[in-house]
file work-v6.pdb (PDB, C-alpha atoms)
ATOM      1  CA  MET A 222      10.612   7.954 -15.890
ATOM      2  CA  LYS A 223      12.292   7.546 -12.516
ATOM      3  CA  LYS A 224      11.413   4.539 -10.408
ATOM      4  CA  GLY A 225       9.042   5.474  -7.604
ATOM      5  CA  ILE A 226      10.446   5.096  -4.086
ATOM      6  CA  PHE A 227       8.443   4.520  -0.923
ATOM      7  CA  ILE A 228      10.252   5.402   2.327
ATOM      8  CA  THR A 229       8.779   5.281   5.806
ATOM      9  CA  MET A 230      10.049   6.775   9.041
ATOM     10  CA  GLU A 231       9.210   4.965  12.279
ATOM     11  CA  GLY A 232      10.034   5.209  15.953
ATOM     12  CA  PRO A 233       8.633   6.066  19.358
ATOM     13  CA  ASP A 234       7.142   9.490  19.966
ATOM     14  CA  GLY A 235       9.859  12.121  20.264
ATOM     15  CA  ALA A 236      12.446  10.216  18.211
ATOM     16  CA  GLY A 237      12.981  13.022  15.684
ATOM     17  CA  LYS A 238      11.146  11.637  12.663
ATOM     18  CA  THR A 239       9.960  15.057  11.443
ATOM     19  CA  THR A 240      13.488  16.471  11.333
ATOM     20  CA  GLN A 241      14.835  13.523   9.355
ATOM     21  CA  ILE A 242      11.895  13.555   6.944
ATOM     22  CA  GLU A 243      12.539  17.210   6.113
ATOM     23  CA  LEU A 244      16.274  16.646   5.616
ATOM     24  CA  LEU A 245      15.622  13.613   3.412
ATOM     25  CA  ARG A 246      13.062  15.519   1.345
ATOM     26  CA  ASP A 247      15.568  18.292   0.640
ATOM     27  CA  TRP A 248      18.212  15.773  -0.427
ATOM     28  CA  LEU A 249      15.853  13.800  -2.675
ATOM     29  CA  GLU A 250      14.776  17.012  -4.384
ATOM     30  CA  GLU A 251      18.444  17.674  -5.107
ATOM     31  CA  GLN A 252      18.459  14.256  -6.828
ATOM     32  CA  ASP A 253      15.642  15.527  -9.101
ATOM     33  CA  TYR A 254      12.850  13.595  -7.393
ATOM     34  CA  GLU A 255       9.415  15.023  -6.889
ATOM     35  CA  VAL A 256       8.799  14.270  -3.226
ATOM     36  CA  ILE A 257       5.457  13.632  -1.555
ATOM     37  CA  LEU A 258       5.373  13.913   2.252
ATOM     38  CA  THR A 259       2.559  12.328   4.177
ATOM     39  CA  ARG A 260       1.764  11.075   7.638
ATOM     40  CA  GLU A 261      -0.234   8.413   9.419
ATOM     41  CA  PRO A 262      -2.912   8.519  10.399
ATOM     42  CA  GLY A 263      -3.778  11.283   7.954
ATOM     43  CA  GLY A 264      -2.567  12.521   4.602
ATOM     44  CA  THR A 265      -5.982  12.865   2.939
ATOM     45  CA  ARG A 266      -9.175  14.720   3.839
ATOM     46  CA  ILE A 267     -10.876  11.512   4.971
ATOM     47  CA  SER A 268      -7.809  10.128   6.756
ATOM     48  CA  GLU A 269      -7.272  13.381   8.665
ATOM     49  CA  ASP A 270     -10.845  13.178   9.960
ATOM     50  CA  VAL A 271     -10.160   9.610  11.108
ATOM     51  CA  ARG A 272      -6.975  10.881  12.786
ATOM     52  CA  ARG A 273      -8.965  13.349  14.855
ATOM     53  CA  ILE A 274     -11.110  10.502  16.174
ATOM     54  CA  ILE A 275      -8.213   8.144  16.916
ATOM     55  CA  LEU A 276      -6.069  10.689  18.764
ATOM     56  CA  ASN A 277      -8.828  12.540  20.618
ATOM     57  CA  PRO A 278      -7.878  12.283  24.323
ATOM     58  CA  ASP A 279     -11.576  12.351  25.256
ATOM     59  CA  TYR A 280     -12.094   8.868  23.727
ATOM     60  CA  LYS A 281     -10.444   6.931  26.522
ATOM     61  CA  GLU A 282     -12.986   4.104  26.133
ATOM     62  CA  MET A 283     -11.878   3.229  22.585
ATOM     63  CA  ASP A 284     -11.514  -0.524  22.149
ATOM     64  CA  ALA A 285      -8.196  -1.833  20.802
ATOM     65  CA  MET A 286      -9.854  -3.483  17.786
ATOM     66  CA  THR A 287     -11.727  -0.275  16.978
ATOM     67  CA  GLU A 288      -8.396   1.522  17.104
ATOM     68  CA  LEU A 289      -6.803  -1.019  14.749
ATOM     69  CA  LEU A 290      -9.649  -0.804  12.236
ATOM     70  CA  LEU A 291      -9.636   2.995  12.267
ATOM     71  CA  TYR A 292      -5.899   3.107  11.580
ATOM     72  CA  THR A 293      -6.372   0.591   8.773
ATOM     73  CA  ALA A 294      -9.240   2.566   7.235
ATOM     74  CA  ALA A 295      -7.188   5.764   7.237
ATOM     75  CA  ARG A 296      -4.304   3.841   5.621
ATOM     76  CA  ALA A 297      -6.514   2.371   2.897
ATOM     77  CA  GLN A 298      -7.614   5.852   1.836
ATOM     78  CA  LEU A 299      -4.055   7.195   1.939
ATOM     79  CA  VAL A 300      -2.709   4.354  -0.223
ATOM     80  CA  ALA A 301      -5.542   4.662  -2.740
ATOM     81  CA  GLU A 302      -5.474   8.438  -2.999
ATOM     82  CA  VAL A 303      -1.823   9.396  -2.465
ATOM     83  CA  ILE A 304       0.804   6.685  -2.042
ATOM     84  CA  GLY A 305      -0.152   4.338  -4.867
ATOM     85  CA  PRO A 306      -0.577   7.017  -7.563
ATOM     86  CA  ALA A 307       2.631   8.805  -6.504
ATOM     87  CA  ILE A 308       4.766   5.672  -6.673
ATOM     88  CA  GLU A 309       3.281   4.645 -10.009
ATOM     89  CA  SER A 310       4.169   8.064 -11.449
ATOM     90  CA  GLY A 311       7.820   7.825 -10.368
ATOM     91  CA  LYS A 312       7.738  10.079  -7.310
ATOM     92  CA  ALA A 313       9.415   9.601  -3.947
ATOM     93  CA  VAL A 314       6.986   9.170  -1.053
ATOM     94  CA  ILE A 315       8.127   9.690   2.538
ATOM     95  CA  SER A 316       5.576   8.751   5.171
ATOM     96  CA  ASP A 317       5.758   9.597   8.854
ATOM     97  CA  ARG A 318       4.625   6.137  10.082
ATOM     98  CA  PHE A 319       2.963   3.310   8.158
ATOM     99  CA  ILE A 320       2.124  -0.368   8.727
ATOM    100  CA  ASP A 321       4.967  -0.927  11.221
ATOM    101  CA  SER A 322       3.416   1.535  13.659
ATOM    102  CA  THR A 323       0.196  -0.469  13.684
ATOM    103  CA  VAL A 324       2.070  -3.744  14.123
ATOM    104  CA  VAL A 325       3.908  -2.300  17.126
ATOM    105  CA  TYR A 326       1.222  -0.181  18.794
ATOM    106  CA  GLN A 327      -1.828  -2.359  18.200
ATOM    107  CA  GLY A 328      -0.311  -5.767  17.426
ATOM    108  CA  ILE A 329       2.315  -5.814  20.186
ATOM    109  CA  ALA A 330       1.592  -3.108  22.771
ATOM    110  CA  ARG A 331      -2.205  -3.600  22.648
ATOM    111  CA  GLY A 332      -1.796  -7.368  22.360
ATOM    112  CA  LEU A 333      -3.896  -7.919  19.235
ATOM    113  CA  GLY A 334      -1.183  -9.966  17.535
ATOM    114  CA  ILE A 335       1.239  -9.243  14.728
ATOM    115  CA  GLU A 336      -0.276 -11.651  12.209
ATOM    116  CA  ARG A 337      -3.776 -10.286  12.777
ATOM    117  CA  VAL A 338      -2.552  -6.765  12.020
ATOM    118  CA  TYR A 339      -0.850  -7.890   8.814
ATOM    119  CA  GLU A 340      -3.904  -9.866   7.707
ATOM    120  CA  ILE A 341      -6.291  -6.939   8.189
ATOM    121  CA  ASN A 342      -3.895  -4.434   6.638
ATOM    122  CA  ALA A 343      -3.234  -6.517   3.537
ATOM    123  CA  HIS A 344      -6.524  -5.202   2.160
ATOM    124  CA  ALA A 345      -5.482  -1.590   2.814
ATOM    125  CA  ILE A 346      -1.910  -1.745   1.519
ATOM    126  CA  GLY A 347      -2.153  -3.967  -1.542
ATOM    127  CA  PRO A 348       1.285  -4.086  -3.236
ATOM    128  CA  TYR A 349       2.610  -0.902  -1.632
ATOM    129  CA  MET A 350       4.996  -1.984   1.118
ATOM    130  CA  PRO A 351       7.875   0.429   1.807
ATOM    131  CA  ASP A 352      11.134  -0.024  -0.078
ATOM    132  CA  VAL A 353      12.991   0.946   3.075
ATOM    133  CA  THR A 354      11.930   1.844   6.617
ATOM    134  CA  PHE A 355      14.050   3.779   9.100
ATOM    135  CA  LEU A 356      13.539   3.054  12.773
ATOM    136  CA  LEU A 357      14.771   5.937  14.897
ATOM    137  CA  ASP A 358      15.480   3.944  18.017
ATOM    138  CA  LEU A 359      14.915   5.736  21.324
ATOM    139  CA  SER A 360      14.095   4.648  24.846
ATOM    140  CA  ALA A 361      10.539   5.155  26.064
ATOM    141  CA  GLU A 362      11.754   7.363  28.890
ATOM    142  CA  GLU A 363      13.689   9.707  26.605
ATOM    143  CA  GLY A 364      10.909   9.791  24.018
ATOM    144  CA  LEU A 365       8.322  10.826  26.580
ATOM    145  CA  ARG A 366      10.665  13.416  28.056
ATOM    146  CA  ARG A 367      11.141  15.001  24.632
ATOM    147  CA  LYS A 368       7.449  14.827  23.743
ATOM    148  CA  LYS A 369       6.221  16.338  26.989
ATOM    149  CA  ALA A 370       8.546  19.279  26.446
ATOM    150  CA  GLN A 371       7.021  19.927  23.009
ATOM    151  CA  ALA A 372       3.249  19.999  23.256
ATOM    152  CA  GLU A 373       0.035  18.727  24.761
ATOM    153  CA  LEU A 374      -0.167  14.934  24.511
ATOM    154  CA  ASP A 375      -2.730  13.180  22.304
ATOM    155  CA  ARG A 376      -4.564   9.978  23.309
ATOM    156  CA  MET A 377      -1.752   7.640  22.241
ATOM    157  CA  GLU A 378       1.075   9.787  23.612
ATOM    158  CA  ALA A 379      -0.712  10.019  26.970
ATOM    159  CA  GLU A 380      -0.479   6.252  27.543
ATOM    160  CA  GLY A 381       1.623   5.184  30.516
ATOM    161  CA  LEU A 382       5.345   4.463  30.588
ATOM    162  CA  GLU A 383       4.881   0.686  30.454
ATOM    163  CA  PHE A 384       2.896   0.982  27.197
ATOM    164  CA  HIS A 385       5.616   3.107  25.640
ATOM    165  CA  ARG A 386       8.267   0.629  26.792
ATOM    166  CA  LEU A 387       6.350  -2.098  24.959
ATOM    167  CA  VAL A 388       6.311   0.126  21.875
ATOM    168  CA  ALA A 389      10.064   0.797  21.962
ATOM    169  CA  GLU A 390      10.877  -2.886  22.475
ATOM    170  CA  GLY A 391       8.327  -3.884  19.844
ATOM    171  CA  TYR A 392      10.031  -1.714  17.263
ATOM    172  CA  ARG A 393      13.402  -3.317  18.020
ATOM    173  CA  SER A 394      11.909  -6.776  17.734
ATOM    174  CA  LEU A 395      10.279  -5.906  14.410
ATOM    175  CA  ALA A 396      13.577  -4.541  13.055
ATOM    176  CA  ASP A 397      15.303  -7.771  14.035
ATOM    177  CA  ARG A 398      12.644  -9.728  12.137
ATOM    178  CA  ASN A 399      12.934  -7.565   9.002
ATOM    179  CA  PRO A 400      16.592  -6.484   8.743
ATOM    180  CA  LYS A 401      16.567  -6.088   4.945
ATOM    181  CA  ARG A 402      13.787  -3.477   4.996
ATOM    182  CA  ILE A 403      13.901  -1.923   8.469
ATOM    183  CA  LYS A 404      17.126  -0.057   9.241
ATOM    184  CA  LYS A 405      17.606   0.744  12.925
ATOM    185  CA  VAL A 406      19.322   4.041  13.703
ATOM    186  CA  ASP A 407      20.302   5.364  17.135
ATOM    187  CA  ALA A 408      18.060   8.423  17.551
ATOM    188  CA  THR A 409      20.427   9.982  20.110
ATOM    189  CA  LEU A 410      23.107  10.541  17.450
ATOM    190  CA  PRO A 411      23.526  14.042  15.968
ATOM    191  CA  LYS A 412      20.892  14.738  13.329
ATOM    192  CA  GLU A 413      23.533  15.205  10.622
ATOM    193  CA  VAL A 414      25.005  11.761  11.317
ATOM    194  CA  ILE A 415      21.556  10.170  11.191
ATOM    195  CA  CYS A 416      20.784  11.964   7.932
ATOM    196  CA  ASP A 417      23.986  10.687   6.284
ATOM    197  CA  MET A 418      23.167   7.120   7.333
ATOM    198  CA  ILE A 419      19.662   7.441   5.898
ATOM    199  CA  LYS A 420      20.892   8.887   2.605
ATOM    200  CA  GLY A 421      23.313   5.995   2.197
ATOM    201  CA  GLU A 422      20.493   3.458   2.495
ATOM    202  CA  VAL A 423      18.170   5.406   0.196
ATOM    203  CA  ARG A 424      20.844   5.549  -2.517
ATOM    204  CA  SER A 425      20.667   1.758  -2.835
ATOM    205  CA  CYS A 426      16.894   1.980  -3.380
ATOM    206  CA  MET A 427      17.425   4.468  -6.202
ATOM    207  CA  GLU A 428      19.664   2.110  -8.169
ATOM    208  CA  PRO A 429      18.018   0.351 -11.143
TER     209      PRO A 429
END

call {"tool": "encode", "arguments": {"input": "work-v6.pdb", "output": "structure tokens"}}
result
Amino acid sequence: MKKGIFITMEGPDGAGKTTQIELLRDWLEEQDYEVILTREPGGTRISEDVRRIILNPDYKEMDAMTELLLYTAARAQLVAEVIGPAIESGKAVISDRFIDSTVVYQGIARGLGIERVYEINAHAIGPYMPDVTFLLDLSAEEGLRRKKAQAELDRMEAEGLEFHRLVAEGYRSLADRNPKRIKKVDATLPKEVICDMIKGEVRSCMEP
């Protein structure tokens, strides 16, 4: 049986995560992996319902700790129902966001603290930390410009520029703290170049 692989894609809104996830899925399937795609918050029936609460733009009064606990609850269900079983059965899991998003958005940008986020999320994640995480690095200004051109903004996307600057800088800081796992990639590069860089890193995870 193949070794299960857990890959996460991170970055500010508008960084191009969806495109890279789809390209990576196609390549992994060519390597004879069964690939599971998921997203955060979401990925299960329960987690998708939690997502609707978290991202509802009408809930402007949501407290930062409530937000953190809701993200963690959605993650706990996703790990228990999807990620854990898939990895244990030798599949490749690619998740659009995971723990690093919560560290950056709630721990850094909301000011709740990195260690607090890790402590609370330890109960949700268990042993299932990503094998490799790709940070598609993009400025807050460019990310918002791209996102606003795509669709109506959800509650998190609608935060002000200063919040999104904290997010972008928080991601860079987190990558600097975890260089072995988090691989920073310039999101302004052509998508084919980014994809080749990602495939090179994933190959090392596939080795026995």

call {"tool": "atom_distance", "arguments": {"input": "work-v6.pdb", "atom1": "CA of Met418 in chain A", "atom2": "CA of Thr354 in chain A"}}
result
12.4 Å

call {"tool": "resolve_selection", "arguments": {"input": "work-v6.pdb", "expression": "the PyMOL selection byres ((chain A and resi 268-285) around 7)", "output": "mmCIF file with C-alpha atoms, keeping the file's coordinate frame"}}
result
data_model
loop_
_atom_site.group_PDB
_atom_site.id
_atom_site.type_symbol
_atom_site.label_atom_id
_atom_site.label_comp_id
_atom_site.auth_asym_id
_atom_site.auth_seq_id
_atom_site.Cartn_x
_atom_site.Cartn_y
_atom_site.Cartn_z
ATOM 1 C CA PRO A 262 -2.912 8.519 10.399
ATOM 2 C CA GLY A 263 -3.778 11.283 7.954
ATOM 3 C CA GLY A 264 -2.567 12.521 4.602
ATOM 4 C CA THR A 265 -5.982 12.865 2.939
ATOM 5 C CA ARG A 266 -9.175 14.720 3.839
ATOM 6 C CA ILE A 267 -10.876 11.512 4.971
ATOM 7 C CA MET A 286 -9.854 -3.483 17.786
ATOM 8 C CA THR A 287 -11.727 -0.275 16.978
ATOM 9 C CA GLU A 288 -8.396 1.522 17.104
ATOM 10 C CA LEU A 289 -6.803 -1.019 14.749
ATOM 11 C CA LEU A 291 -9.636 2.995 12.267
ATOM 12 C CA ALA A 295 -7.188 5.764 7.237
ATOM 13 C CA GLN A 298 -7.614 5.852 1.836
ATOM 14 C CA LEU A 299 -4.055 7.195 1.939
ATOM 15 C CA GLN A 327 -1.828 -2.359 18.200
ATOM 16 C CA ARG A 331 -2.205 -3.600 22.648
ATOM 17 C CA ASP A 375 -2.730 13.180 22.304
ATOM 18 C CA ARG A 376 -4.564 9.978 23.309
ATOM 19 C CA MET A 377 -1.752 7.640 22.241
#

call {"tool": "residues_around", "arguments": {"input": "work-v6.pdb", "residues": "Gly391 in chain A", "least_positions_apart": "4", "cutoff": "7 Å", "atoms": "all atoms listed in the file", "output": "JSON list (two decimals) with C-alpha atoms, keeping the file's coordinate frame"}}
result
[["chain", "number", "residue", "atom", "x", "y", "z"],
["A", 325, "VAL", "CA", 3.91, -2.30, 17.13],
["A", 329, "ILE", "CA", 2.32, -5.81, 20.19],
["A", 387, "LEU", "CA", 6.35, -2.10, 24.96],
["A", 395, "LEU", "CA", 10.28, -5.91, 14.41]]

call {"tool": "closest_residue", "arguments": {"input": "work-v6.pdb", "among": "A:Leu357, A:Leu382, A:Val423, A:Ile242", "to": "Thr409 in chain A", "atoms": "only C-alpha atoms"}}
result
A:Leu357

call {"tool": "resolve_selection", "arguments": {"input": "work-v6.pdb", "expression": "the PyMOL selection byres ((chain A and resi 316-323) around 8)", "output": "count of residues only"}}
result
28

call {"tool": "atom_distance", "arguments": {"input": "work-v6.pdb", "atom1": "CA of Ala361 in chain A", "atom2": "CA of Leu410 in chain A"}}
result
16.2 Å

call {"tool": "closest_residue", "arguments": {"input": "work-v6.pdb", "among": "A:Gly305, A:Trp248, A:Lys224, A:Gly235", "to": "Asp417 in chain A", "atoms": "all atoms listed in the file"}}
result
A:Trp248

call {"tool": "closest_residue", "arguments": {"input": "work-v6.pdb", "among": "A:Phe355, A:Glu251, A:Val303, A:Ile335", "to": "Pro400 in chain A", "atoms": "all atoms listed in the file"}}
result
A:Phe355

call {"tool": "residues_around", "arguments": {"input": "work-v6.pdb", "residues": "Pro348 in chain A", "least_positions_apart": "4", "cutoff": "10 Å", "atoms": "all atoms listed in the file", "output": "PyMOL selection string"}}
result
chain A and resi 300+305+343-344

call {"tool": "write_last_selection", "arguments": {"input": "work-v6.pdb", "atoms": "C-alpha atoms", "output": "mmCIF file, keeping the file's coordinate frame"}}
result
data_model
loop_
_atom_site.group_PDB
_atom_site.id
_atom_site.type_symbol
_atom_site.label_atom_id
_atom_site.label_comp_id
_atom_site.auth_asym_id
_atom_site.auth_seq_id
_atom_site.Cartn_x
_atom_site.Cartn_y
_atom_site.Cartn_z
ATOM 1 C CA VAL A 300 -2.709 4.354 -0.223
ATOM 2 C CA GLY A 305 -0.152 4.338 -4.867
ATOM 3 C CA ALA A 343 -3.234 -6.517 3.537
ATOM 4 C CA HIS A 344 -6.524 -5.202 2.160
#

call {"tool": "atom_distance", "arguments": {"input": "work-v6.pdb", "atom1": "CA of Met427 in chain A", "atom2": "CA of Val414 in chain A"}}
result
20.4 Å

call {"tool": "axis_aligned_box", "arguments": {"input": "work-v6.pdb", "around": "range 287-306 of chain A", "padding_each_side": "3 Å", "output": "JSON"}}
result
{"center_x": -5.5, "center_y": 4.2, "center_z": 4.8, "size_x": 18.5, "size_y": 16.4, "size_z": 30.7}

call {"tool": "closest_residue", "arguments": {"input": "work-v6.pdb", "among": "A:Asp234, A:Lys420, A:Asp407, A:Arg402", "to": "Asp358 in chain A", "atoms": "only C-alpha atoms"}}
result
A:Asp407

call {"tool": "closest_residue", "arguments": {"input": "work-v6.pdb", "among": "A:Ala236, A:Leu244, A:Leu290, A:Leu365", "to": "Ile341 in chain A", "atoms": "all atoms listed in the file"}}
result
A:Leu290

call {"tool": "decode", "arguments": {"input": "work-v6.pdb", "residues": "range 258-270 of chain A", "atoms": "all heavy atoms", "output": "compact mmCIF listing (two decimals), in the first residue's frame"}}
result
# COMPACT_ATOMS: atom_id res chain seq x y z
N LEU A 258 -9.66 15.71 -2.34
CA LEU A 258 -9.60 17.18 -2.21
C LEU A 258 -10.58 17.61 -1.15
O LEU A 258 -11.72 17.14 -1.10
CB LEU A 258 -9.96 17.85 -3.53
CG LEU A 258 -9.09 17.58 -4.75
CD1 LEU A 258 -9.51 18.49 -5.90
CD2 LEU A 258 -7.62 17.74 -4.44
N THR A 259 -10.15 18.53 -0.31
CA THR A 259 -11.06 19.08 0.69
C THR A 259 -10.71 20.53 0.94
O THR A 259 -9.75 21.06 0.38
CB THR A 259 -11.02 18.23 1.98
OG1 THR A 259 -12.09 18.64 2.82
CG2 THR A 259 -9.70 18.40 2.72
N ARG A 260 -11.52 21.18 1.76
CA ARG A 260 -11.28 22.59 2.03
C ARG A 260 -11.63 22.90 3.47
O ARG A 260 -12.35 22.15 4.14
CB ARG A 260 -12.13 23.47 1.11
CG ARG A 260 -13.64 23.37 1.37
CD ARG A 260 -14.38 24.37 0.54
NE ARG A 260 -15.82 24.35 0.78
CZ ARG A 260 -16.68 25.21 0.26
NH1 ARG A 260 -16.23 26.16 -0.55
NH2 ARG A 260 -17.98 25.15 0.51
N GLU A 261 -11.11 24.03 3.93
CA GLU A 261 -11.43 24.49 5.28
C GLU A 261 -11.90 25.94 5.24
O GLU A 261 -11.33 26.75 4.49
CB GLU A 261 -10.18 24.39 6.16
CG GLU A 261 -9.90 22.99 6.62
CD GLU A 261 -9.34 22.98 8.02
OE1 GLU A 261 -8.81 24.02 8.46
OE2 GLU A 261 -9.45 21.96 8.67
N PRO A 262 -12.88 26.27 6.09
CA PRO A 262 -13.70 25.30 6.80
C PRO A 262 -14.62 24.58 5.82
O PRO A 262 -15.04 25.15 4.82
CB PRO A 262 -14.50 26.16 7.78
CG PRO A 262 -14.59 27.50 7.12
CD PRO A 262 -13.31 27.66 6.35
N GLY A 263 -14.93 23.34 6.12
CA GLY A 263 -15.81 22.57 5.24
C GLY A 263 -15.32 21.15 5.07
O GLY A 263 -14.57 20.62 5.89
N GLY A 264 -15.73 20.51 3.99
CA GLY A 264 -15.26 19.19 3.66
C GLY A 264 -16.11 18.04 4.17
O GLY A 264 -15.92 16.90 3.74
N THR A 265 -17.03 18.30 5.09
CA THR A 265 -17.99 17.31 5.54
C THR A 265 -19.34 18.01 5.69
O THR A 265 -19.41 19.24 5.69
CB THR A 265 -17.61 16.69 6.91
OG1 THR A 265 -17.86 17.65 7.95
CG2 THR A 265 -16.16 16.25 6.95
N ARG A 266 -20.40 17.24 5.85
CA ARG A 266 -21.73 17.84 5.99
C ARG A 266 -21.78 18.79 7.20
O ARG A 266 -22.28 19.91 7.11
CB ARG A 266 -22.77 16.73 6.15
CG ARG A 266 -24.22 17.21 6.13
CD ARG A 266 -25.16 16.04 5.91
NE ARG A 266 -25.06 15.07 7.00
CZ ARG A 266 -25.90 15.05 8.04
NH1 ARG A 266 -26.87 15.93 8.14
NH2 ARG A 266 -25.77 14.14 8.98
N ILE A 267 -21.24 18.34 8.32
CA ILE A 267 -21.24 19.17 9.52
C ILE A 267 -20.33 20.38 9.35
O ILE A 267 -20.71 21.52 9.67
CB ILE A 267 -20.80 18.34 10.75
CG1 ILE A 267 -21.86 17.29 11.08
CG2 ILE A 267 -20.54 19.23 11.95
CD1 ILE A 267 -21.43 16.27 12.11
N SER A 268 -19.13 20.16 8.82
CA SER A 268 -18.17 21.25 8.67
C SER A 268 -18.65 22.31 7.68
O SER A 268 -18.36 23.50 7.85
CB SER A 268 -16.81 20.69 8.23
OG SER A 268 -16.33 19.75 9.17
N GLU A 269 -19.38 21.90 6.65
CA GLU A 269 -19.91 22.88 5.70
C GLU A 269 -20.99 23.75 6.36
O GLU A 269 -21.10 24.94 6.04
CB GLU A 269 -20.49 22.16 4.47
CG GLU A 269 -19.43 21.55 3.55
CD GLU A 269 -18.59 22.58 2.82
OE1 GLU A 269 -19.06 23.72 2.64
OE2 GLU A 269 -17.45 22.23 2.43
N ASP A 270 -21.77 23.17 7.27
CA ASP A 270 -22.74 23.98 7.99
C ASP A 270 -22.04 24.99 8.90
O ASP A 270 -22.47 26.14 9.02
CB ASP A 270 -23.66 23.09 8.83
CG ASP A 270 -24.79 22.47 8.00
OD1 ASP A 270 -24.98 22.92 6.84
OD2 ASP A 270 -25.48 21.57 8.49
